[in-house]
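As stored in data-v8.txt (compact mmCIF, C-alpha atoms):
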```
# COMPACT_ATOMS: atom_id res chain seq x y z
CA PHE A 1 21.38 -4.01 -53.35
CA PHE A 2 23.70 -5.75 -50.90
CA LEU A 3 24.49 -2.42 -49.24
CA PHE A 4 20.75 -1.89 -48.78
CA LEU A 5 20.44 -5.35 -47.19
CA LEU A 6 23.33 -4.65 -44.83
CA GLN A 7 21.83 -1.30 -43.83
CA SER A 8 18.43 -2.91 -43.26
CA PHE A 9 20.02 -5.65 -41.14
CA ALA A 10 21.94 -3.09 -39.08
CA TYR A 11 18.75 -1.10 -38.51
CA ALA A 12 16.92 -4.22 -37.42
CA GLN A 13 19.67 -4.92 -34.88
CA GLN A 14 19.41 -1.52 -33.22
CA PRO A 15 18.48 -1.93 -29.54
CA ILE A 16 15.05 -0.83 -28.37
CA GLU A 17 15.30 2.44 -26.43
CA VAL A 18 13.41 2.12 -23.15
CA VAL A 19 12.52 4.91 -20.75
CA ILE A 20 11.26 3.58 -17.42
CA VAL A 21 9.41 6.35 -15.60
CA ALA A 22 9.41 5.94 -11.83
CA SER A 23 5.93 7.19 -11.02
CA SER A 24 3.82 8.14 -8.06
CA HIS A 25 0.56 6.23 -7.74
CA TYR A 26 -1.03 9.39 -6.34
CA ASN A 27 -0.65 12.76 -8.05
CA GLU A 28 -2.11 15.95 -6.71
CA LYS A 29 -3.97 18.24 -9.07
CA GLY A 30 -1.49 20.34 -10.99
CA ASN A 31 0.23 20.98 -14.27
CA TYR A 32 1.85 17.84 -15.68
CA GLU A 33 2.41 19.26 -19.16
CA PRO A 34 6.22 19.35 -18.67
CA GLU A 35 6.28 15.61 -17.99
CA ILE A 36 3.90 14.86 -20.86
CA ASN A 37 5.87 17.05 -23.26
CA LYS A 38 9.18 15.46 -22.28
CA LEU A 39 7.84 11.98 -23.00
CA ALA A 40 5.96 13.01 -26.14
CA ASN A 41 9.16 14.52 -27.58
CA PHE A 42 10.84 11.14 -27.10
CA ALA A 43 8.20 9.89 -29.59
CA PRO A 44 7.69 6.36 -28.22
CA ASP A 45 6.10 3.73 -30.44
CA MET A 46 4.46 2.11 -27.40
CA VAL A 47 3.48 3.19 -23.89
CA PHE A 48 3.29 0.53 -21.16
CA GLY A 49 1.53 0.71 -17.81
CA GLU A 50 1.83 -1.35 -14.63
CA TYR A 51 -1.24 -3.41 -15.43
CA THR A 52 -1.39 -7.21 -15.38
CA LEU A 53 -1.45 -8.77 -18.84
CA PRO A 54 -5.11 -9.60 -19.64
CA ALA A 55 -4.46 -13.30 -20.33
CA GLU A 56 -2.46 -13.66 -17.08
CA LEU A 57 -5.09 -11.77 -15.08
CA LYS A 58 -7.85 -14.01 -16.42
CA ALA A 59 -5.82 -17.16 -15.61
CA LEU A 60 -4.97 -16.17 -12.02
CA HIS A 61 -6.68 -18.05 -9.21
CA ASP A 62 -9.74 -16.30 -7.83
CA THR A 63 -8.14 -16.10 -4.36
CA THR A 64 -5.22 -13.91 -5.47
CA ASP A 65 -5.37 -10.28 -4.41
CA VAL A 66 -5.27 -8.83 -7.92
CA LYS A 67 -7.98 -11.22 -9.20
CA LYS A 68 -10.25 -10.43 -6.26
CA SER A 69 -9.73 -6.74 -6.89
CA TYR A 70 -10.56 -7.11 -10.57
CA ALA A 71 -13.64 -9.24 -9.83
CA THR A 72 -15.27 -6.13 -8.36
CA LYS A 73 -14.83 -4.32 -11.68
CA TYR A 74 -15.77 -7.29 -13.84
CA ASN A 75 -18.94 -8.07 -11.87
CA TYR A 76 -19.95 -4.41 -11.84
CA ILE A 77 -19.89 -4.29 -15.66
CA LYS A 78 -21.30 -7.83 -16.01
CA ARG A 79 -24.43 -6.82 -14.11
CA ARG A 80 -25.07 -4.26 -16.85
CA SER A 81 -24.29 -6.72 -19.65
CA PRO A 82 -25.28 -10.16 -18.34
CA LYS A 83 -24.57 -11.81 -21.69
CA VAL A 84 -20.83 -11.56 -22.44
CA PRO A 85 -20.36 -11.03 -26.19
CA ARG A 86 -18.61 -13.80 -28.12
CA ASN A 87 -15.28 -13.26 -29.87
CA LEU A 88 -14.31 -10.29 -27.71
CA ASN A 89 -10.87 -9.97 -29.32
CA LYS A 90 -12.46 -9.74 -32.77
CA LYS A 91 -15.03 -7.18 -31.61
CA ILE A 92 -12.31 -5.11 -29.94
CA GLY A 93 -10.22 -5.12 -33.14
CA LYS A 94 -13.19 -3.97 -35.22
CA ALA A 95 -13.99 -1.23 -32.72
CA GLN A 96 -10.39 0.03 -32.74
CA ALA A 97 -10.45 0.21 -36.54
CA ALA A 98 -13.82 2.02 -36.52
CA LEU A 99 -12.57 4.62 -34.02
CA LEU A 100 -9.51 5.32 -36.14
CA ARG A 101 -11.90 6.32 -38.92
CA LYS A 102 -14.32 8.19 -36.66
CA PRO A 103 -13.13 8.98 -33.10
CA THR A 104 -16.54 10.47 -32.19
CA ASP A 105 -18.38 7.19 -32.75
CA TYR A 106 -19.58 7.32 -29.14
CA SER A 107 -21.57 4.09 -29.14
CA THR A 108 -18.58 2.12 -30.40
CA ARG A 109 -16.27 3.73 -27.82
CA ILE A 110 -18.67 3.00 -24.95
CA GLU A 111 -19.04 -0.60 -26.08
CA LEU A 112 -15.26 -0.89 -26.50
CA ALA A 113 -14.70 0.22 -22.89
CA ARG A 114 -17.24 -2.38 -21.75
CA ASN A 115 -15.62 -5.12 -23.83
CA TYR A 116 -12.16 -4.31 -22.49
CA VAL A 117 -13.42 -4.88 -18.95
CA LEU A 118 -15.03 -8.19 -19.91
CA ASN A 119 -11.79 -9.17 -21.69
CA TYR A 120 -9.72 -8.54 -18.52
CA ASP A 121 -7.90 -5.60 -20.13
CA ARG A 122 -8.02 -3.14 -17.25
CA ALA A 123 -5.48 -0.76 -18.80
CA ASN A 124 -7.49 -0.04 -21.92
CA ALA A 125 -10.85 -0.13 -20.16
CA GLU A 126 -9.59 2.67 -17.91
CA TYR A 127 -8.08 4.50 -20.87
CA GLN A 128 -11.32 4.49 -22.85
CA ILE A 129 -13.37 5.59 -19.83
CA TYR A 130 -10.83 8.36 -19.23
CA LEU A 131 -11.27 9.52 -22.85
CA LEU A 132 -15.05 9.39 -22.58
CA GLU A 133 -15.04 11.49 -19.43
CA ASN A 134 -12.40 14.01 -20.40
CA TYR A 135 -12.80 14.43 -24.14
CA PHE A 136 -16.09 13.06 -25.46
CA ARG A 137 -18.76 13.67 -22.82
CA PRO A 138 -19.46 17.29 -23.95
CA GLY A 139 -20.32 16.07 -27.47
CA MET A 140 -22.79 13.38 -26.37
CA ASN A 141 -26.53 13.93 -26.69
CA LYS A 142 -29.13 12.40 -24.36
CA LYS A 143 -29.25 9.18 -26.37
CA TYR A 144 -25.50 8.58 -26.00
CA MET A 145 -25.51 9.59 -22.35
CA ALA A 146 -28.27 7.06 -21.67
CA ASN A 147 -26.22 4.43 -23.50
CA TYR A 148 -23.17 5.39 -21.44
CA ALA A 149 -25.08 5.20 -18.15
CA GLY A 150 -26.70 1.91 -19.07
CA MET A 151 -23.51 0.15 -20.13
CA LEU A 152 -20.91 1.73 -17.82
CA GLY A 153 -22.93 3.39 -15.08
CA PRO A 154 -22.60 6.78 -13.36
CA ILE A 155 -19.28 8.50 -12.66
CA ASP A 156 -19.48 7.94 -8.90
CA SER A 157 -19.89 4.19 -9.42
CA LEU A 158 -16.99 4.06 -11.90
CA LYS A 159 -14.82 5.81 -9.34
CA LYS A 160 -15.99 3.48 -6.58
CA VAL A 161 -14.95 0.35 -8.49
CA LYS A 162 -11.78 2.16 -9.64
CA LEU A 163 -12.36 2.07 -13.38
CA LEU A 164 -12.06 5.84 -13.22
CA ARG A 165 -9.14 6.91 -11.02
CA PRO A 166 -8.45 10.64 -10.89
CA GLY A 167 -5.10 11.36 -9.27
CA THR A 168 -3.26 8.31 -10.62
CA GLU A 169 -0.17 8.64 -12.78
CA TYR A 170 -2.28 7.41 -15.69
CA GLU A 171 -4.87 10.16 -15.63
CA ALA A 172 -2.22 12.77 -14.79
CA ILE A 173 0.42 11.81 -17.38
CA PHE A 174 0.25 8.56 -19.30
CA PHE A 175 -3.32 8.57 -20.65
CA PRO A 176 -2.89 12.15 -21.90
CA LEU A 177 0.44 11.05 -23.42
CA VAL A 178 -1.12 8.09 -25.26
CA ASN A 179 -3.89 10.34 -26.53
CA ARG A 180 -1.46 13.02 -27.72
CA LEU A 181 0.61 10.41 -29.54
CA LYS A 182 -2.61 9.19 -31.19
CA HIS A 183 -1.92 5.61 -30.11
CA GLU A 184 -4.99 3.43 -30.12
CA GLN A 185 -4.10 1.74 -26.84
CA ILE A 186 -1.81 1.48 -23.83
CA TYR A 187 0.01 -1.82 -23.22
CA SER A 188 0.02 -3.96 -20.07
CA MET A 189 3.20 -5.55 -18.74
CA ASP A 190 2.79 -6.40 -15.04
CA CYS A 191 3.09 -9.95 -13.72
CA GLN A 192 1.33 -11.15 -10.57
CA ASN A 193 2.33 -14.81 -10.76
CA TYR A 194 4.58 -14.40 -7.72
CA ASP A 195 2.05 -12.58 -5.55
CA GLU A 196 1.32 -15.53 -3.25
CA GLU A 197 5.03 -16.17 -2.58
CA TRP A 198 5.59 -12.43 -2.05
CA ASN A 199 2.86 -12.24 0.58
CA LYS A 200 4.37 -15.17 2.49
CA VAL A 201 7.97 -13.90 2.55
CA TRP A 202 6.82 -10.33 3.23
CA ALA A 203 4.94 -11.56 6.31
CA LYS A 204 7.94 -13.61 7.49
CA ALA A 205 10.27 -10.65 7.00
CA GLY A 206 7.93 -8.44 9.00
CA THR A 207 7.92 -10.98 11.83
CA ALA A 208 11.73 -11.17 11.77
CA ILE A 209 12.04 -7.38 11.90
CA LYS A 210 9.63 -7.19 14.85
CA ALA A 211 11.69 -9.83 16.67
CA MET A 212 14.87 -7.82 16.02
CA GLU A 213 13.23 -4.64 17.31
CA ALA A 214 11.87 -6.42 20.40
CA LYS A 215 15.33 -7.79 21.23
CA ALA A 216 16.83 -4.33 20.64
CA LYS A 217 14.37 -2.76 23.06
CA ALA A 218 14.99 -5.38 25.72
CA GLU A 219 18.77 -5.45 25.25
CA PRO A 220 20.05 -2.21 23.63
CA GLN A 221 23.66 -3.48 23.73
CA SER A 222 22.85 -6.69 21.84
CA ALA A 223 23.68 -7.21 18.16
CA GLU A 224 20.02 -6.52 17.40
CA GLY A 225 20.15 -3.31 19.41
CA VAL A 226 23.20 -2.10 17.51
CA ALA A 227 21.58 -3.03 14.18
CA VAL A 228 18.37 -1.12 14.98
CA SER A 229 20.39 1.90 16.09
CA LYS A 230 22.36 1.88 12.83
CA ILE A 231 19.19 1.51 10.74
CA GLN A 232 17.57 4.45 12.52
CA GLN A 233 20.68 6.54 11.94
CA TYR A 234 20.70 5.52 8.27
CA TYR A 235 17.09 6.65 7.88
CA LYS A 236 17.94 10.01 9.47
CA GLU A 237 20.83 10.50 7.05
CA LEU A 238 18.63 9.66 4.07
CA ASP A 239 15.94 12.04 5.31
CA SER A 240 18.50 14.82 5.72
CA ILE A 241 19.74 14.34 2.15
CA ALA A 242 16.16 14.24 0.83
CA ARG A 243 15.36 17.54 2.52
CA ALA A 244 18.43 19.12 0.94
CA GLU A 245 17.67 17.65 -2.49
CA LYS A 246 16.69 20.38 -4.95
CA MET A 247 14.87 18.09 -7.38
CA GLN A 248 11.15 17.54 -6.90
CA GLY A 249 8.33 15.58 -8.49
CA TYR A 250 9.08 13.13 -11.27
CA ALA A 251 12.64 14.37 -11.67
CA PHE A 252 13.31 13.41 -8.04
CA LEU A 253 11.52 10.05 -8.30
CA ASN A 254 13.88 9.06 -11.11
CA THR A 255 17.17 9.77 -9.31
CA ALA A 256 19.63 7.22 -7.97
CA PHE A 257 19.18 8.69 -4.50
CA TYR A 258 15.44 8.14 -4.51
CA ALA A 259 15.95 4.50 -5.55
CA LYS A 260 18.39 4.03 -2.65
CA ALA A 261 16.05 5.59 -0.12
CA ASP A 262 13.05 3.71 -1.47
CA ALA A 263 14.84 0.35 -1.21
CA ALA A 264 15.81 1.15 2.38
CA VAL A 265 12.17 1.77 3.31
CA ASN A 266 10.69 -1.18 1.40
CA PHE A 267 13.26 -3.69 2.66
CA TYR A 268 13.72 -2.50 6.24
CA GLY A 269 17.13 -0.99 5.55
CA GLY A 270 17.92 -3.32 2.68
CA GLU A 271 21.16 -4.83 1.47
CA VAL A 272 23.18 -2.10 3.16
CA PHE A 273 22.75 -4.13 6.38
CA PHE A 274 23.23 -7.64 5.05
CA ASP A 275 26.57 -7.97 6.85
CA GLU A 276 25.28 -6.45 10.07
CA PRO A 277 25.08 -8.93 13.02
CA GLY A 278 21.55 -9.02 14.41
CA PHE A 279 19.92 -8.04 11.11
CA PRO A 280 17.58 -10.73 9.61
CA THR A 281 19.51 -10.90 6.35
CA GLU A 282 18.12 -14.20 5.08
CA ALA A 283 14.52 -13.11 5.66
CA ILE A 284 15.08 -9.92 3.68
CA LYS A 285 16.86 -11.79 0.88
CA ALA A 286 13.91 -14.17 0.73
CA MET A 287 11.64 -11.16 0.46
CA MET A 288 13.65 -9.77 -2.45
CA HIS A 289 13.47 -13.03 -4.43
CA PRO A 290 9.84 -12.89 -5.68
CA TRP A 291 10.15 -9.12 -6.03
CA ASN A 292 13.03 -9.58 -8.46
CA LEU A 293 11.19 -12.36 -10.31
CA ARG A 294 8.27 -10.00 -10.83
CA ASN A 295 10.55 -7.29 -12.19
CA GLU A 296 12.25 -9.78 -14.51
CA ALA A 297 8.87 -10.94 -15.80
CA MET A 298 7.78 -7.34 -16.42
CA CYS A 299 10.94 -6.68 -18.42
CA GLN A 300 10.37 -9.80 -20.49
CA ASN A 301 6.73 -8.82 -21.10
CA ILE A 302 7.85 -5.42 -22.36
CA LEU A 303 10.58 -6.81 -24.59
CA LYS A 304 8.38 -9.49 -26.18
CA GLN A 305 5.61 -7.06 -27.02
CA ALA A 306 7.97 -4.36 -28.26
CA GLN A 307 9.78 -6.82 -30.53
CA ALA A 308 6.48 -8.20 -31.83
CA LYS A 309 5.36 -4.68 -32.75
CA GLY A 310 8.73 -3.69 -34.17
CA ALA A 311 8.94 -0.80 -31.71
CA LYS A 312 12.14 1.24 -31.55
CA ARG A 313 11.28 3.40 -28.53
CA VAL A 314 9.00 2.66 -25.59
CA VAL A 315 7.93 4.42 -22.41
CA VAL A 316 7.15 2.36 -19.31
CA ALA A 317 5.14 3.70 -16.36
CA VAL A 318 5.91 1.89 -13.09
CA GLY A 319 5.68 2.52 -9.38
CA ALA A 320 8.89 4.23 -8.31
CA SER A 321 10.05 1.15 -6.36
CA HIS A 322 10.49 -0.82 -9.61
CA ARG A 323 12.63 1.52 -11.71
CA LYS A 324 16.11 0.67 -10.43
CA TRP A 325 15.47 -3.07 -10.48
CA MET A 326 14.08 -3.00 -14.00
CA GLU A 327 16.85 -0.77 -15.34
CA GLU A 328 19.45 -3.17 -13.95
CA ILE A 329 17.69 -6.15 -15.55
CA PHE A 330 17.36 -4.41 -18.91
CA SER A 331 21.00 -3.33 -18.78
CA GLN A 332 21.93 -7.01 -19.12
CA MET A 333 19.94 -7.33 -22.34
CA PRO A 334 21.80 -6.40 -25.56
CA GLU A 335 18.42 -5.87 -27.27
CA VAL A 336 17.67 -2.91 -24.98
CA LYS A 337 19.17 0.52 -24.43
CA ILE A 338 18.04 2.17 -21.21
CA ILE A 339 17.52 5.94 -21.19
CA ASN A 340 16.88 7.51 -17.81
CA TYR A 341 13.88 9.82 -17.63
CA ASN A 342 16.07 12.67 -16.37
CA ALA A 343 18.37 12.29 -19.39
CA LEU A 344 15.56 13.22 -21.76
CA PRO A 345 15.74 16.81 -23.03
```
Is it possible to give me this structure as structure tokens?
Amino acid sequence: FFLFLLQSFAYAQQPIEVVIVASSHYNEKGNYEPEINKLANFAPDMVFGEYTLPAELKALHDTTDVKKSYATKYNYIKRRSPKVPRNLNKKIGKAQAALLRKPTDYSTRIELARNYVLNYDRANAEYQIYLLENYFRPGMNKKYMANYAGMLGPIDSLKKVKLLRPGTEYEAIFFPLVNRLKHEQIYSMDCQNYDEEWNKVWAKAGTAIKAMEAKAKAEPQSAEGVAVSKIQQYYKELDSIARAEKMQGYAFLNTAFYAKADAAVNFYGGEVFFDEPGFPTEAIKAMMHPWNLRNEAMCQNILKQAQAKGAKRVVVAVGASHRKWMEEIFSQMPEVKIINYNALP
């Protein structure tokens, strides 16, 4: 009995295995079965996407970029359902249970997609619309199609408001993965609470870089001129290595080299030049601060939800610029074991 307790305790203490997949936000038409198979064989208990948590999205000020973007989607659906149903969370739970029993309950699935939008759950609204378009449309009769059009609208309109997004990493890889795993939903983990600060420091950094470049052009022998020359040479070296790199696609996006090159582009050369006279080091450091806070918040959002669900393995889809930062943050957490995408069989 005590041995059983000790074994159970040891199992409970096992770190959560996390695979962060550096992803492209645009994916050309092609065969993504190798990527889907690789991740499916890992058998994750949860799949996360770079979507703002519904409660955080709802609470954001209407002037924030992400809230303004979502308002277009929300208002589009609201015009078709002027009266927002009460107890959305309860209705969503009942719909999920009903679809587990009968996946072809089209009316329930259409209504579920609508309710996800009204509940600020963009991730699962998009997932359900993806399923309707790619798996269930052929089985719908005229009655269901009329219901679909009335509640969600035509395909062109769904694409216009970006509730249907062909070419994203989600439609290419992660929605098919969630469907293959027979998970009832995809989980959100993004945090936009630092968006306003990010926009301010990003603008200031851009101004500082332009000032450096202007000084370099006017006085090539100045410290700024030398710094710009070194940055340009650094970019050329990175480009040369990238051209020689044999890896492509998602394998390449998840390499240490890609993370290095990506940081150089996003942060105007990055920390490599922090000790370089003439380089606006403090402005770039200020730029990195809210970026790191966002990555820390995303890691915490993943960990909290994974622990609450008792998950042992999770897959996280993020824009490629986030992977290195998030892996470094997770590496400091004893509750987490990071597995690089390229280390998967």
All residues 9 Å or closer to Gly278 (chain A), all atoms listed in the file, same chain fewer than 3 positions away omitted, as a VMD selection string: chain A and resid 212 222 to 228 281
Residue subset to file, keeping C-alpha atoms, as a PDB file, keeping the file's coordinate frame:
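Just written: selection-v6.pdb:
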```
ATOM      1  CA  MET A 212      14.870  -7.820  16.020  1.00  0.00           C
ATOM      2  CA  SER A 222      22.850  -6.690  21.840  1.00  0.00           C
ATOM      3  CA  ALA A 223      23.680  -7.210  18.160  1.00  0.00           C
ATOM      4  CA  GLU A 224      20.020  -6.520  17.400  1.00  0.00           C
ATOM      5  CA  GLY A 225      20.150  -3.310  19.410  1.00  0.00           C
ATOM      6  CA  VAL A 226      23.200  -2.100  17.510  1.00  0.00           C
ATOM      7  CA  ALA A 227      21.580  -3.030  14.180  1.00  0.00           C
ATOM      8  CA  VAL A 228      18.370  -1.120  14.980  1.00  0.00           C
ATOM      9  CA  THR A 281      19.510 -10.900   6.350  1.00  0.00           C
TER      10      THR A 281
END
```
Selection: 10 Å around Pro54 (chain A), all atoms listed in the file, excl. self and same-chain fewer than 5 positions, as a list in words: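 Those residues are Ala59, Tyr116, Val117, Asn119, Tyr120, Asp121, Arg122, Ala123, Tyr187, Ser188, Met189 and Asp190 of chain A.
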Which residues of region 78-188 of chain A come within 9 Å of region 310-325 of chain A, and for each one, what is the closest pair of atoms and their distance in Å to one decimal, counting all atoms listed in the file, sorted by chain and residue number, as CSV?
```
residue,atom,partner,partner_atom,distance
A:Glu169,CA,A:Ala317,CA,8.1
A:Tyr170,CA,A:Ala317,CA,8.3
A:Phe174,CA,A:Ala317,CA,7.5
```
For CA of Arg109 (chain A) and CA of Glu33 (chain A), the interatomic separation in Å (one decimal):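 Separation of CA of Arg109 (chain A) and CA of Glu33 (chain A): 25.8 Å.
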Nearest-residue call for Tyr70 (chain A), choices A:Lys215, A:Lys337, A:Lys162, A:Lys38, using only C-alpha atoms: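 Smallest separation from Tyr70 (chain A) among the options: A:Lys162.
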Gap from CA of Leu60 (chain A) to CA of Val84 (chain A) - Å, one decimal: 19.5 Å
Among the residues A:Gly139, A:Gly206, A:Pro220, A:Pro334, the one that comes closest to Ile284 (chain A) [using all atoms listed in the file]: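 With all atoms listed in the file as the atom set, the closest residue is A:Gly206.
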Selection: 8 Å around Ala251 (chain A), all atoms listed in the file, excl. self and same-chain fewer than 4 positions, as a list of chain:residue names: A:Met247, A:Thr255, A:Tyr341, A:Asn342
Separation of CA of Arg101 (chain A) from CA of Arg180 (chain A), in Å and rounded to one decimal: 16.7 Å
Nearest to Val19 (chain A) by atom-to-atom distance, counting all atoms listed in the file, from A:Ser69, A:Thr64, A:Asn292, A:Asn254: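 Of all the options, A:Asn254 lies closest to Val19 (chain A).
Each of A:Gln305, A:Asn27, A:Ser81, A:Asn124 was compared to His183 (chain A) using only C-alpha atoms, and A:Asn124 turns out to be the nearest.
Comparing A:Pro103, A:Pro82, A:Pro34, A:Gly93 by their smallest distance to Asn179 (chain A), the closest is A:Pro103 (using all atoms listed in the file).
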Residue nearest Asp45 (chain A) - candidates A:Leu177, A:Ala203, A:Val66, A:Ala146, atoms counted: only C-alpha atoms: A:Leu177
Nearby residues (all atoms listed in the file) at most 12 Å from Tyr268 (chain A), same-chain spacing under 4 positions excluded, as a PyMOL selection string: chain A and resi 202+205-210+212-213+227-228+230-232+234-235+260-264+272-274+279-281+283-285+287-288
Start from the incomplete input, build N, CA and C atoms for region 193-209 of chain A, and deliver everything as an mmCIF file, in the frame of the given file.
```cif
data_model
loop_
_atom_site.group_PDB
_atom_site.id
_atom_site.type_symbol
_atom_site.label_atom_id
_atom_site.label_comp_id
_atom_site.auth_asym_id
_atom_site.auth_seq_id
_atom_site.Cartn_x
_atom_site.Cartn_y
_atom_site.Cartn_z
ATOM 1 N N ASN A 193 2.200 -13.374 -11.003
ATOM 2 C CA ASN A 193 2.330 -14.810 -10.760
ATOM 3 C C ASN A 193 3.080 -15.142 -9.472
ATOM 4 N N TYR A 194 3.788 -14.153 -8.921
ATOM 5 C CA TYR A 194 4.580 -14.400 -7.720
ATOM 6 C C TYR A 194 3.961 -13.744 -6.490
ATOM 7 N N ASP A 195 2.710 -13.322 -6.618
ATOM 8 C CA ASP A 195 2.050 -12.580 -5.550
ATOM 9 C C ASP A 195 1.902 -13.408 -4.278
ATOM 10 N N GLU A 196 1.523 -14.675 -4.424
ATOM 11 C CA GLU A 196 1.320 -15.530 -3.250
ATOM 12 C C GLU A 196 2.629 -15.732 -2.490
ATOM 13 N N GLU A 197 3.724 -15.999 -3.222
ATOM 14 C CA GLU A 197 5.030 -16.170 -2.580
ATOM 15 C C GLU A 197 5.460 -14.866 -1.918
ATOM 16 N N TRP A 198 5.223 -13.739 -2.604
ATOM 17 C CA TRP A 198 5.590 -12.430 -2.050
ATOM 18 C C TRP A 198 4.892 -12.194 -0.715
ATOM 19 N N ASN A 199 3.606 -12.460 -0.653
ATOM 20 C CA ASN A 199 2.860 -12.240 0.580
ATOM 21 C C ASN A 199 3.409 -13.070 1.740
ATOM 22 N N LYS A 200 3.831 -14.301 1.455
ATOM 23 C CA LYS A 200 4.370 -15.170 2.490
ATOM 24 C C LYS A 200 5.705 -14.648 3.011
ATOM 25 N N VAL A 201 6.637 -14.333 2.101
ATOM 26 C CA VAL A 201 7.970 -13.900 2.550
ATOM 27 C C VAL A 201 7.917 -12.500 3.139
ATOM 28 N N TRP A 202 6.993 -11.672 2.665
ATOM 29 C CA TRP A 202 6.820 -10.330 3.230
ATOM 30 C C TRP A 202 6.362 -10.439 4.687
ATOM 31 N N ALA A 203 5.426 -11.365 4.949
ATOM 32 C CA ALA A 203 4.940 -11.560 6.310
ATOM 33 C C ALA A 203 6.051 -12.097 7.214
ATOM 34 N N LYS A 204 6.840 -13.044 6.705
ATOM 35 C CA LYS A 204 7.940 -13.610 7.490
ATOM 36 C C LYS A 204 9.004 -12.551 7.787
ATOM 37 N N ALA A 205 9.290 -11.716 6.793
ATOM 38 C CA ALA A 205 10.270 -10.650 7.000
ATOM 39 C C ALA A 205 9.790 -9.664 8.057
ATOM 40 N N GLY A 206 8.499 -9.348 8.006
ATOM 41 C CA GLY A 206 7.930 -8.440 9.000
ATOM 42 C C GLY A 206 8.038 -9.018 10.407
ATOM 43 N N THR A 207 7.802 -10.309 10.533
ATOM 44 C CA THR A 207 7.920 -10.980 11.830
ATOM 45 C C THR A 207 9.368 -10.951 12.327
ATOM 46 N N ALA A 208 10.313 -11.187 11.399
ATOM 47 C CA ALA A 208 11.730 -11.170 11.770
ATOM 48 C C ALA A 208 12.176 -9.783 12.213
ATOM 49 N N ILE A 209 11.695 -8.760 11.539
ATOM 50 C CA ILE A 209 12.040 -7.380 11.900
ATOM 51 C C ILE A 209 11.467 -7.034 13.275
#
```
